[in-house]
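**Q** Data file work09.tsv (TSV, N, CA and C atoms) is appended below.
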chain	number	residue	atom	x	y	z
C	1	GLN	N	0.75	-18.50	-7.80
C	1	GLN	CA	0.06	-17.26	-7.51
C	1	GLN	C	0.78	-16.54	-6.39
C	2	VAL	N	0.76	-15.22	-6.45
C	2	VAL	CA	1.43	-14.40	-5.43
C	2	VAL	C	0.61	-14.36	-4.15
C	3	GLN	N	1.29	-14.48	-3.03
C	3	GLN	CA	0.68	-14.25	-1.72
C	3	GLN	C	1.40	-13.10	-1.05
C	4	LEU	N	0.67	-12.31	-0.26
C	4	LEU	CA	1.21	-11.07	0.30
C	4	LEU	C	1.16	-11.08	1.83
C	5	VAL	N	2.23	-10.62	2.47
C	5	VAL	CA	2.29	-10.50	3.92
C	5	VAL	C	2.86	-9.13	4.26
C	6	GLU	N	2.06	-8.32	4.97
C	6	GLU	CA	2.50	-6.99	5.37
C	6	GLU	C	3.20	-7.04	6.73
C	7	SER	N	4.09	-6.08	6.95
C	7	SER	CA	4.75	-5.92	8.24
C	7	SER	C	5.17	-4.47	8.40
C	8	GLY	N	5.56	-4.12	9.62
C	8	GLY	CA	6.09	-2.78	9.85
C	8	GLY	C	5.15	-1.83	10.56
C	9	GLY	N	3.92	-2.26	10.81
C	9	GLY	CA	3.00	-1.40	11.52
C	9	GLY	C	3.37	-1.28	12.99
C	10	GLY	N	2.72	-0.36	13.67
C	10	GLY	CA	2.99	-0.18	15.09
C	10	GLY	C	2.47	1.14	15.58
C	11	LEU	N	2.93	1.52	16.77
C	11	LEU	CA	2.51	2.77	17.41
C	11	LEU	C	3.62	3.80	17.24
C	12	VAL	N	3.24	4.98	16.80
C	12	VAL	CA	4.22	6.05	16.59
C	12	VAL	C	3.57	7.37	16.98
C	13	GLN	N	4.39	8.30	17.44
C	13	GLN	CA	3.86	9.62	17.77
C	13	GLN	C	3.66	10.45	16.52
C	14	ALA	N	2.76	11.40	16.60
C	14	ALA	CA	2.54	12.32	15.48
C	14	ALA	C	3.85	12.98	15.09
C	15	GLY	N	4.08	13.08	13.80
C	15	GLY	CA	5.32	13.63	13.28
C	15	GLY	C	6.39	12.59	13.02
C	16	GLY	N	6.16	11.38	13.50
C	16	GLY	CA	7.13	10.31	13.33
C	16	GLY	C	7.00	9.62	11.99
C	17	SER	N	7.79	8.55	11.84
C	17	SER	CA	7.85	7.81	10.58
C	17	SER	C	7.72	6.31	10.82
C	18	LEU	N	7.22	5.64	9.83
C	18	LEU	CA	7.19	4.19	9.79
C	18	LEU	C	7.40	3.75	8.35
C	19	ARG	N	7.96	2.56	8.18
C	19	ARG	CA	8.04	1.98	6.85
C	19	ARG	C	7.32	0.64	6.86
C	20	LEU	N	6.31	0.54	6.05
C	20	LEU	CA	5.60	-0.72	5.89
C	20	LEU	C	6.24	-1.51	4.76
C	21	SER	N	6.25	-2.81	4.94
C	21	SER	CA	6.74	-3.71	3.91
C	21	SER	C	5.65	-4.70	3.54
C	22	CYS	N	5.65	-5.11	2.31
C	22	CYS	CA	4.72	-6.13	1.84
C	22	CYS	C	5.55	-7.14	1.05
C	23	ALA	N	5.73	-8.31	1.65
C	23	ALA	CA	6.55	-9.34	1.02
C	23	ALA	C	5.65	-10.29	0.23
C	24	ALA	N	6.07	-10.57	-0.97
C	24	ALA	CA	5.28	-11.43	-1.85
C	24	ALA	C	6.00	-12.74	-2.10
C	25	SER	N	5.24	-13.79	-2.07
C	25	SER	CA	5.78	-15.09	-2.47
C	25	SER	C	5.47	-15.29	-3.95
C	26	GLY	N	6.10	-16.26	-4.55
C	26	GLY	CA	5.83	-16.51	-5.96
C	26	GLY	C	6.85	-15.86	-6.86
C	27	ARG	N	6.92	-16.34	-8.08
C	27	ARG	CA	7.97	-15.91	-8.99
C	27	ARG	C	7.53	-14.86	-9.97
C	28	THR	N	6.28	-14.37	-9.84
C	28	THR	CA	5.79	-13.44	-10.84
C	28	THR	C	5.49	-12.06	-10.27
C	29	PHE	N	6.10	-11.75	-9.13
C	29	PHE	CA	5.84	-10.48	-8.45
C	29	PHE	C	6.02	-9.30	-9.38
C	30	SER	N	7.03	-9.34	-10.19
C	30	SER	CA	7.35	-8.19	-11.04
C	30	SER	C	6.28	-7.93	-12.10
C	31	MET	N	5.36	-8.83	-12.27
C	31	MET	CA	4.29	-8.66	-13.26
C	31	MET	C	3.05	-7.97	-12.68
C	32	TYR	N	3.08	-7.67	-11.38
C	32	TYR	CA	1.91	-7.14	-10.69
C	32	TYR	C	2.06	-5.66	-10.37
C	33	THR	N	1.04	-4.89	-10.73
C	33	THR	CA	0.91	-3.55	-10.17
C	33	THR	C	0.55	-3.71	-8.69
C	34	MET	N	1.18	-2.90	-7.86
C	34	MET	CA	0.97	-3.01	-6.41
C	34	MET	C	0.29	-1.76	-5.86
C	35	GLY	N	-0.54	-1.98	-4.85
C	35	GLY	CA	-1.23	-0.86	-4.23
C	35	GLY	C	-1.29	-1.01	-2.73
C	36	TRP	N	-1.38	0.13	-2.05
C	36	TRP	CA	-1.64	0.17	-0.61
C	36	TRP	C	-2.99	0.86	-0.40
C	37	PHE	N	-3.78	0.30	0.48
C	37	PHE	CA	-5.06	0.87	0.90
C	37	PHE	C	-5.07	0.90	2.42
C	38	ARG	N	-6.03	1.63	2.97
C	38	ARG	CA	-6.16	1.66	4.42
C	38	ARG	C	-7.63	1.81	4.82
C	39	GLN	N	-7.89	1.39	6.05
C	39	GLN	CA	-9.21	1.57	6.63
C	39	GLN	C	-9.05	2.08	8.04
C	40	ALA	N	-9.48	3.31	8.26
C	40	ALA	CA	-9.44	3.90	9.59
C	40	ALA	C	-10.64	3.41	10.39
C	41	PRO	N	-10.57	3.46	11.71
C	41	PRO	CA	-11.68	3.00	12.54
C	41	PRO	C	-12.98	3.71	12.19
C	42	GLY	N	-14.01	2.96	11.90
C	42	GLY	CA	-15.30	3.54	11.62
C	42	GLY	C	-15.44	4.19	10.26
C	43	LYS	N	-14.45	4.01	9.40
C	43	LYS	CA	-14.49	4.66	8.08
C	43	LYS	C	-14.39	3.63	6.96
C	44	GLU	N	-14.66	4.12	5.76
C	44	GLU	CA	-14.54	3.25	4.59
C	44	GLU	C	-13.06	3.03	4.25
C	45	HIS	N	-12.82	1.97	3.49
C	45	HIS	CA	-11.49	1.77	2.94
C	45	HIS	C	-11.16	2.93	1.99
C	46	GLU	N	-9.88	3.23	1.86
C	46	GLU	CA	-9.49	4.23	0.89
C	46	GLU	C	-8.14	3.89	0.28
C	47	PHE	N	-7.97	4.32	-0.95
C	47	PHE	CA	-6.71	4.14	-1.65
C	47	PHE	C	-5.64	5.02	-1.02
C	48	VAL	N	-4.41	4.52	-0.98
C	48	VAL	CA	-3.29	5.29	-0.44
C	48	VAL	C	-2.23	5.54	-1.52
C	49	ALA	N	-1.74	4.48	-2.14
C	49	ALA	CA	-0.66	4.63	-3.12
C	49	ALA	C	-0.61	3.42	-4.04
C	50	ALA	N	-0.09	3.62	-5.24
C	50	ALA	CA	0.07	2.52	-6.19
C	50	ALA	C	1.36	2.70	-6.96
C	51	ILE	N	1.89	1.59	-7.45
C	51	ILE	CA	3.15	1.64	-8.19
C	51	ILE	C	3.10	0.65	-9.33
C	52	SER	N	3.69	1.05	-10.45
C	52	SER	CA	3.69	0.20	-11.64
C	52	SER	C	4.65	-0.97	-11.48
C	53	THR	N	4.60	-1.91	-12.40
C	53	THR	CA	5.43	-3.10	-12.32
C	53	THR	C	6.92	-2.76	-12.30
C	54	SER	N	7.31	-1.74	-13.05
C	54	SER	CA	8.73	-1.36	-13.10
C	54	SER	C	9.11	-0.37	-12.02
C	55	GLY	N	8.12	0.18	-11.36
C	55	GLY	CA	8.39	1.18	-10.32
C	55	GLY	C	8.52	2.60	-10.83
C	56	THR	N	8.30	2.80	-12.12
C	56	THR	CA	8.51	4.13	-12.69
C	56	THR	C	7.31	5.04	-12.57
C	57	ARG	N	6.13	4.47	-12.37
C	57	ARG	CA	4.92	5.28	-12.22
C	57	ARG	C	4.31	5.03	-10.85
C	58	VAL	N	4.00	6.13	-10.17
C	58	VAL	CA	3.38	6.04	-8.85
C	58	VAL	C	2.19	6.98	-8.77
C	59	TYR	N	1.23	6.62	-7.95
C	59	TYR	CA	0.05	7.44	-7.69
C	59	TYR	C	-0.14	7.51	-6.18
C	60	TYR	N	-0.66	8.66	-5.71
C	60	TYR	CA	-0.91	8.85	-4.28
C	60	TYR	C	-2.27	9.48	-4.06
C	61	GLU	N	-2.88	9.13	-2.96
C	61	GLU	CA	-4.06	9.83	-2.50
C	61	GLU	C	-3.62	11.22	-2.05
C	62	ASP	N	-4.47	12.21	-2.27
C	62	ASP	CA	-4.04	13.59	-2.05
C	62	ASP	C	-3.53	13.86	-0.64
C	63	SER	N	-4.14	13.27	0.36
C	63	SER	CA	-3.77	13.61	1.74
C	63	SER	C	-2.40	13.06	2.14
C	64	VAL	N	-1.83	12.16	1.35
C	64	VAL	CA	-0.53	11.59	1.71
C	64	VAL	C	0.59	12.08	0.79
C	65	LYS	N	0.23	12.83	-0.24
C	65	LYS	CA	1.26	13.33	-1.16
C	65	LYS	C	2.27	14.19	-0.41
C	66	GLY	N	3.55	13.95	-0.68
C	66	GLY	CA	4.60	14.69	-0.02
C	66	GLY	C	5.01	14.11	1.33
C	67	ARG	N	4.22	13.18	1.84
C	67	ARG	CA	4.55	12.56	3.14
C	67	ARG	C	4.85	11.07	3.00
C	68	PHE	N	4.16	10.40	2.10
C	68	PHE	CA	4.33	8.96	1.91
C	68	PHE	C	5.05	8.71	0.59
C	69	ALA	N	5.80	7.61	0.54
C	69	ALA	CA	6.47	7.22	-0.70
C	69	ALA	C	6.36	5.71	-0.88
C	70	ILE	N	5.86	5.31	-2.02
C	70	ILE	CA	5.77	3.88	-2.34
C	70	ILE	C	6.95	3.51	-3.23
C	71	SER	N	7.50	2.34	-2.99
C	71	SER	CA	8.61	1.85	-3.81
C	71	SER	C	8.54	0.33	-3.85
C	72	ARG	N	9.32	-0.25	-4.73
C	72	ARG	CA	9.34	-1.71	-4.82
C	72	ARG	C	10.74	-2.18	-5.18
C	73	ASP	N	11.05	-3.38	-4.73
C	73	ASP	CA	12.30	-4.04	-5.07
C	73	ASP	C	11.91	-5.39	-5.66
C	74	ASN	N	11.90	-5.49	-6.96
C	74	ASN	CA	11.46	-6.73	-7.60
C	74	ASN	C	12.43	-7.88	-7.33
C	75	ALA	N	13.67	-7.58	-7.07
C	75	ALA	CA	14.63	-8.64	-6.74
C	75	ALA	C	14.33	-9.26	-5.38
C	76	LYS	N	13.71	-8.47	-4.49
C	76	LYS	CA	13.36	-8.96	-3.16
C	76	LYS	C	11.88	-9.27	-3.03
C	77	ASN	N	11.14	-9.13	-4.12
C	77	ASN	CA	9.69	-9.41	-4.09
C	77	ASN	C	8.99	-8.62	-2.99
C	78	THR	N	9.34	-7.35	-2.87
C	78	THR	CA	8.80	-6.56	-1.77
C	78	THR	C	8.41	-5.16	-2.26
C	79	VAL	N	7.28	-4.69	-1.74
C	79	VAL	CA	6.87	-3.30	-1.96
C	79	VAL	C	6.85	-2.61	-0.60
C	80	TYR	N	7.22	-1.35	-0.60
C	80	TYR	CA	7.35	-0.59	0.63
C	80	TYR	C	6.43	0.63	0.62
C	81	LEU	N	6.08	1.07	1.81
C	81	LEU	CA	5.39	2.35	1.96
C	81	LEU	C	6.10	3.10	3.08
C	82	GLN	N	6.90	4.08	2.69
C	82	GLN	CA	7.57	4.94	3.67
C	82	GLN	C	6.61	6.04	4.05
C	83	MET	N	6.32	6.14	5.34
C	83	MET	CA	5.35	7.11	5.83
C	83	MET	C	6.06	8.07	6.77
C	84	ASN	N	6.11	9.33	6.39
C	84	ASN	CA	6.74	10.37	7.19
C	84	ASN	C	5.71	11.39	7.64
C	85	SER	N	6.09	12.19	8.61
C	85	SER	CA	5.19	13.25	9.12
C	85	SER	C	3.81	12.70	9.41
C	86	LEU	N	3.77	11.60	10.11
C	86	LEU	CA	2.50	10.93	10.37
C	86	LEU	C	1.59	11.77	11.24
C	87	LYS	N	0.30	11.64	10.97
C	87	LYS	CA	-0.73	12.38	11.69
C	87	LYS	C	-1.69	11.40	12.33
C	88	PRO	N	-2.37	11.81	13.39
C	88	PRO	CA	-3.35	10.90	14.01
C	88	PRO	C	-4.38	10.37	13.00
C	89	GLU	N	-4.73	11.16	12.01
C	89	GLU	CA	-5.72	10.70	11.02
C	89	GLU	C	-5.16	9.66	10.06
C	90	ASP	N	-3.87	9.36	10.15
C	90	ASP	CA	-3.30	8.26	9.38
C	90	ASP	C	-3.50	6.91	10.08
C	91	THR	N	-4.01	6.94	11.30
C	91	THR	CA	-4.28	5.70	12.02
C	91	THR	C	-5.25	4.84	11.23
C	92	ALA	N	-4.85	3.60	10.95
C	92	ALA	CA	-5.66	2.72	10.12
C	92	ALA	C	-5.00	1.35	10.04
C	93	VAL	N	-5.75	0.40	9.53
C	93	VAL	CA	-5.17	-0.85	9.09
C	93	VAL	C	-4.78	-0.66	7.62
C	94	TYR	N	-3.51	-0.91	7.33
C	94	TYR	CA	-2.98	-0.75	5.98
C	94	TYR	C	-2.81	-2.13	5.35
C	95	CYS	N	-3.30	-2.28	4.13
C	95	CYS	CA	-3.13	-3.54	3.43
C	95	CYS	C	-2.53	-3.29	2.06
C	96	CYS	N	-1.77	-4.25	1.61
C	96	CYS	CA	-1.23	-4.16	0.26
C	96	CYS	C	-1.97	-5.12	-0.65
C	97	SER	N	-1.95	-4.82	-1.92
C	97	SER	CA	-2.70	-5.62	-2.87
C	97	SER	C	-1.98	-5.63	-4.21
C	98	ALA	N	-2.34	-6.58	-5.04
C	98	ALA	CA	-1.63	-6.78	-6.30
C	98	ALA	C	-2.60	-7.16	-7.40
C	99	ASP	N	-2.29	-6.69	-8.59
C	99	ASP	CA	-3.13	-7.05	-9.72
C	99	ASP	C	-2.29	-7.00	-10.99
C	100	PRO	N	-2.35	-8.04	-11.80
C	100	PRO	CA	-1.54	-8.07	-13.02
C	100	PRO	C	-2.17	-7.33	-14.19
C	101	ASN	N	-3.43	-6.92	-14.01
C	101	ASN	CA	-4.17	-6.37	-15.15
C	101	ASN	C	-4.52	-4.89	-15.03
C	102	LEU	N	-4.23	-4.29	-13.89
C	102	LEU	CA	-4.58	-2.89	-13.68
C	102	LEU	C	-3.34	-2.02	-13.75
C	103	SER	N	-3.51	-0.82	-14.27
C	103	SER	CA	-2.44	0.18	-14.20
C	103	SER	C	-2.49	0.86	-12.85
C	104	PRO	N	-1.45	1.59	-12.47
C	104	PRO	CA	-1.50	2.30	-11.19
C	104	PRO	C	-2.66	3.28	-11.13
C	105	GLY	N	-2.96	3.92	-12.23
C	105	GLY	CA	-4.09	4.83	-12.25
C	105	GLY	C	-5.42	4.13	-12.02
C	106	GLU	N	-5.54	2.94	-12.56
C	106	GLU	CA	-6.76	2.16	-12.33
C	106	GLU	C	-6.84	1.69	-10.89
C	107	VAL	N	-5.73	1.31	-10.31
C	107	VAL	CA	-5.70	0.93	-8.89
C	107	VAL	C	-6.15	2.10	-8.03
C	108	ALA	N	-5.73	3.29	-8.40
C	108	ALA	CA	-6.08	4.49	-7.63
C	108	ALA	C	-7.58	4.74	-7.61
C	109	ARG	N	-8.29	4.20	-8.57
C	109	ARG	CA	-9.75	4.39	-8.61
C	109	ARG	C	-10.50	3.26	-7.91
C	110	ARG	N	-9.77	2.30	-7.38
C	110	ARG	CA	-10.40	1.21	-6.63
C	110	ARG	C	-10.58	1.65	-5.17
C	111	GLY	N	-11.54	1.02	-4.51
C	111	GLY	CA	-11.87	1.46	-3.17
C	111	GLY	C	-11.19	0.73	-2.04
C	112	SER	N	-10.75	-0.51	-2.30
C	112	SER	CA	-10.15	-1.29	-1.21
C	112	SER	C	-9.22	-2.34	-1.79
C	113	CYS	N	-8.44	-2.92	-0.89
C	113	CYS	CA	-7.52	-3.99	-1.28
C	113	CYS	C	-8.26	-5.11	-2.02
C	114	ARG	N	-9.46	-5.42	-1.57
C	114	ARG	CA	-10.17	-6.57	-2.11
C	114	ARG	C	-10.74	-6.32	-3.49
C	115	ASP	N	-10.58	-5.12	-3.99
C	115	ASP	CA	-10.98	-4.84	-5.37
C	115	ASP	C	-9.91	-5.27	-6.36
C	116	LEU	N	-8.73	-5.65	-5.84
C	116	LEU	CA	-7.67	-6.16	-6.70
C	116	LEU	C	-7.63	-7.68	-6.60
C	117	GLU	N	-6.81	-8.30	-7.41
C	117	GLU	CA	-6.83	-9.76	-7.50
C	117	GLU	C	-6.33	-10.43	-6.22
C	118	ILE	N	-5.29	-9.87	-5.62
C	118	ILE	CA	-4.65	-10.50	-4.45
C	118	ILE	C	-4.46	-9.44	-3.38
C	119	TRP	N	-4.63	-9.81	-2.13
C	119	TRP	CA	-4.43	-8.85	-1.03
C	119	TRP	C	-3.92	-9.56	0.20
C	120	GLY	N	-3.25	-8.78	1.07
C	120	GLY	CA	-2.77	-9.30	2.33
C	120	GLY	C	-3.77	-9.04	3.45
C	121	GLN	N	-3.37	-9.45	4.66
C	121	GLN	CA	-4.27	-9.35	5.80
C	121	GLN	C	-4.24	-7.98	6.46
C	122	GLY	N	-3.19	-7.23	6.22
C	122	GLY	CA	-3.12	-5.88	6.76
C	122	GLY	C	-2.22	-5.78	7.97
C	123	THR	N	-1.79	-4.55	8.24
C	123	THR	CA	-0.99	-4.24	9.42
C	123	THR	C	-1.49	-2.94	10.01
C	124	LEU	N	-1.57	-2.89	11.35
C	124	LEU	CA	-2.16	-1.74	12.03
C	124	LEU	C	-1.11	-0.67	12.28
C	125	VAL	N	-1.46	0.55	11.90
C	125	VAL	CA	-0.66	1.73	12.19
C	125	VAL	C	-1.46	2.63	13.11
C	126	THR	N	-0.88	2.97	14.26
C	126	THR	CA	-1.54	3.84	15.22
C	126	THR	C	-0.65	5.06	15.46
C	127	VAL	N	-1.20	6.24	15.21
C	127	VAL	CA	-0.45	7.48	15.39
C	127	VAL	C	-1.06	8.23	16.56
C	128	SER	N	-0.29	8.42	17.60
C	128	SER	CA	-0.78	9.12	18.79
C	128	SER	C	-0.49	10.61	18.68
C	129	SER	N	-1.38	11.40	19.27
C	129	SER	CA	-1.21	12.87	19.22
C	129	SER	C	-0.40	13.39	20.39
Translate the structure described by the file into structure tokens.
**A**
Amino acid sequence: QVQLVESGGGLVQAGGSLRLSCAASGRTFSMYTMGWFRQAPGKEHEFVAAISTSGTRVYYEDSVKGRFAISRDNAKNTVYLQMNSLKPEDTAVYCCSADPNLSPGEVARRGSCRDLEIWGQGTLVTVSS
């Protein structure tokens, strides 16, 4: 079974960039649709981005379109979230998740990492104004 570990979070000024990574163990990573979700302080979890097994289909939450980019490297068992033009409202704990049975569009309709089969512990992103 795949296990997920996120990294790359930290403190950044508004307008800056960060790249989150989610490393997966196991030999079946390429069979999983991957998603990123986040939870801001005092708010509900929300979907951020999803990517198909081959990386050819991606979905984004409206507020991050044009600023964030999800990608994956199946040879390295890793999915990435490149975050540019960060805003204070992007401050949140970001978690990655995986599911072998959902399409990226179906992942986009899920509310949190734990709605998928496998999820990581999350990494904190703090954007200062």
**Q** Tell me, as number ranges by chain, which residues lie within 8 Å of Leu11 (chain C), counting all atoms listed in the file; anything in the same chain fewer than 4 positions away does not count.
**A** C: 124-128
**Q** Could you check how far atom N of Cys22 (chain C) sits from atom C of Ser7 (chain C), in Å to one decimal?
**A**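 Atom N of Cys22 (chain C) sits 6.1 Å away from atom C of Ser7 (chain C).
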**Q** Could you jot down the CA of Ser112 (chain C) to atom N of Ser25 (chain C) separation for me, Å, one decimal place?
**A** 19.8 Å
**Q** Might you pull out every residue within 8 Å of region 71-84 of chain C, with all atoms listed in the file counted and same-chain residues fewer than 3 positions away left off, and present them as an MDAnalysis selection string?
**A** chainID C and resid 14:26 28:31 34 36 50:51 53:55 66:68 87
**Q** Those same residues, written as an mmCIF file, in the coordinates of the input with N, CA and C atoms?
**A**
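Written output follows (result27.cif):
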data_model
loop_
_atom_site.group_PDB
_atom_site.id
_atom_site.type_symbol
_atom_site.label_atom_id
_atom_site.label_comp_id
_atom_site.auth_asym_id
_atom_site.auth_seq_id
_atom_site.Cartn_x
_atom_site.Cartn_y
_atom_site.Cartn_z
ATOM 1 N N ALA C 14 2.760 11.400 16.600
ATOM 2 C CA ALA C 14 2.540 12.320 15.480
ATOM 3 C C ALA C 14 3.850 12.980 15.090
ATOM 4 N N GLY C 15 4.080 13.080 13.800
ATOM 5 C CA GLY C 15 5.320 13.630 13.280
ATOM 6 C C GLY C 15 6.390 12.590 13.020
ATOM 7 N N GLY C 16 6.160 11.380 13.500
ATOM 8 C CA GLY C 16 7.130 10.310 13.330
ATOM 9 C C GLY C 16 7.000 9.620 11.990
ATOM 10 N N SER C 17 7.790 8.550 11.840
ATOM 11 C CA SER C 17 7.850 7.810 10.580
ATOM 12 C C SER C 17 7.720 6.310 10.820
ATOM 13 N N LEU C 18 7.220 5.640 9.830
ATOM 14 C CA LEU C 18 7.190 4.190 9.790
ATOM 15 C C LEU C 18 7.400 3.750 8.350
ATOM 16 N N ARG C 19 7.960 2.560 8.180
ATOM 17 C CA ARG C 19 8.040 1.980 6.850
ATOM 18 C C ARG C 19 7.320 0.640 6.860
ATOM 19 N N LEU C 20 6.310 0.540 6.050
ATOM 20 C CA LEU C 20 5.600 -0.720 5.890
ATOM 21 C C LEU C 20 6.240 -1.510 4.760
ATOM 22 N N SER C 21 6.250 -2.810 4.940
ATOM 23 C CA SER C 21 6.740 -3.710 3.910
ATOM 24 C C SER C 21 5.650 -4.700 3.540
ATOM 25 N N CYS C 22 5.650 -5.110 2.310
ATOM 26 C CA CYS C 22 4.720 -6.130 1.840
ATOM 27 C C CYS C 22 5.550 -7.140 1.050
ATOM 28 N N ALA C 23 5.730 -8.310 1.650
ATOM 29 C CA ALA C 23 6.550 -9.340 1.020
ATOM 30 C C ALA C 23 5.650 -10.290 0.230
ATOM 31 N N ALA C 24 6.070 -10.570 -0.970
ATOM 32 C CA ALA C 24 5.280 -11.430 -1.850
ATOM 33 C C ALA C 24 6.000 -12.740 -2.100
ATOM 34 N N SER C 25 5.240 -13.790 -2.070
ATOM 35 C CA SER C 25 5.780 -15.090 -2.470
ATOM 36 C C SER C 25 5.470 -15.290 -3.950
ATOM 37 N N GLY C 26 6.100 -16.260 -4.550
ATOM 38 C CA GLY C 26 5.830 -16.510 -5.960
ATOM 39 C C GLY C 26 6.850 -15.860 -6.860
ATOM 40 N N THR C 28 6.280 -14.370 -9.840
ATOM 41 C CA THR C 28 5.790 -13.440 -10.840
ATOM 42 C C THR C 28 5.490 -12.060 -10.270
ATOM 43 N N PHE C 29 6.100 -11.750 -9.130
ATOM 44 C CA PHE C 29 5.840 -10.480 -8.450
ATOM 45 C C PHE C 29 6.020 -9.300 -9.380
ATOM 46 N N SER C 30 7.030 -9.340 -10.190
ATOM 47 C CA SER C 30 7.350 -8.190 -11.040
ATOM 48 C C SER C 30 6.280 -7.930 -12.100
ATOM 49 N N MET C 31 5.360 -8.830 -12.270
ATOM 50 C CA MET C 31 4.290 -8.660 -13.260
ATOM 51 C C MET C 31 3.050 -7.970 -12.680
ATOM 52 N N MET C 34 1.180 -2.900 -7.860
ATOM 53 C CA MET C 34 0.970 -3.010 -6.410
ATOM 54 C C MET C 34 0.290 -1.760 -5.860
ATOM 55 N N TRP C 36 -1.380 0.130 -2.050
ATOM 56 C CA TRP C 36 -1.640 0.170 -0.610
ATOM 57 C C TRP C 36 -2.990 0.860 -0.400
ATOM 58 N N ALA C 50 -0.090 3.620 -5.240
ATOM 59 C CA ALA C 50 0.070 2.520 -6.190
ATOM 60 C C ALA C 50 1.360 2.700 -6.960
ATOM 61 N N ILE C 51 1.890 1.590 -7.450
ATOM 62 C CA ILE C 51 3.150 1.640 -8.190
ATOM 63 C C ILE C 51 3.100 0.650 -9.330
ATOM 64 N N THR C 53 4.600 -1.910 -12.400
ATOM 65 C CA THR C 53 5.430 -3.100 -12.320
ATOM 66 C C THR C 53 6.920 -2.760 -12.300
ATOM 67 N N SER C 54 7.310 -1.740 -13.050
ATOM 68 C CA SER C 54 8.730 -1.360 -13.100
ATOM 69 C C SER C 54 9.110 -0.370 -12.020
ATOM 70 N N GLY C 55 8.120 0.180 -11.360
ATOM 71 C CA GLY C 55 8.390 1.180 -10.320
ATOM 72 C C GLY C 55 8.520 2.600 -10.830
ATOM 73 N N GLY C 66 3.550 13.950 -0.680
ATOM 74 C CA GLY C 66 4.600 14.690 -0.020
ATOM 75 C C GLY C 66 5.010 14.110 1.330
ATOM 76 N N ARG C 67 4.220 13.180 1.840
ATOM 77 C CA ARG C 67 4.550 12.560 3.140
ATOM 78 C C ARG C 67 4.850 11.070 3.000
ATOM 79 N N PHE C 68 4.160 10.400 2.100
ATOM 80 C CA PHE C 68 4.330 8.960 1.910
ATOM 81 C C PHE C 68 5.050 8.710 0.590
ATOM 82 N N LYS C 87 0.300 11.640 10.970
ATOM 83 C CA LYS C 87 -0.730 12.380 11.690
ATOM 84 C C LYS C 87 -1.690 11.400 12.330
#
**Q** With only C-alpha atoms as the atoms that count, which of C:Asp90, C:Gly122, C:Ile70, C:Ser52 lies nearest to Glu106 (chain C)?
**A**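 Between C:Asp90, C:Gly122, C:Ile70, C:Ser52, the residue approaching Glu106 (chain C) most closely is C:Ser52.
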**Q** If you run DSSP on the backbone here, which positions in region 23-91 of chain C get helix (DSSP H, G or I)? Please write them as number ranges by chain.
**A** C: 29-31, 62-64, 88-90
**Q** Kindly indicate which residue among C:Gly8, C:Tyr60, C:Ser97, C:Pro104 lies nearest to Gly35 (chain C), using all atoms listed in the file for the distances.
**A**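 Among the listed residues, the smallest separation from Gly35 (chain C) belongs to C:Ser97.
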**Q** Nearest residue to Gly9 (chain C) out of C:Asn101, C:Glu46, C:Asp115, C:Tyr94, using all atoms listed in the file?
**A**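 So, comparing all the options, the nearest one is C:Tyr94.
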**Q** For a test of reading the model, state the distance in Å between atom N of Arg109 (chain C) and atom N of Phe47 (chain C), rounded to one decimal.
**A**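 Distance between the two atoms: 7.6 Å.
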**Q** Counting all atoms listed in the file, figure out which residue out of C:Thr123, C:Ala108, C:Pro100, C:Cys95 gets nearest to Arg38 (chain C).
**A**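 For Arg38 (chain C), the nearest of the candidates is C:Cys95.
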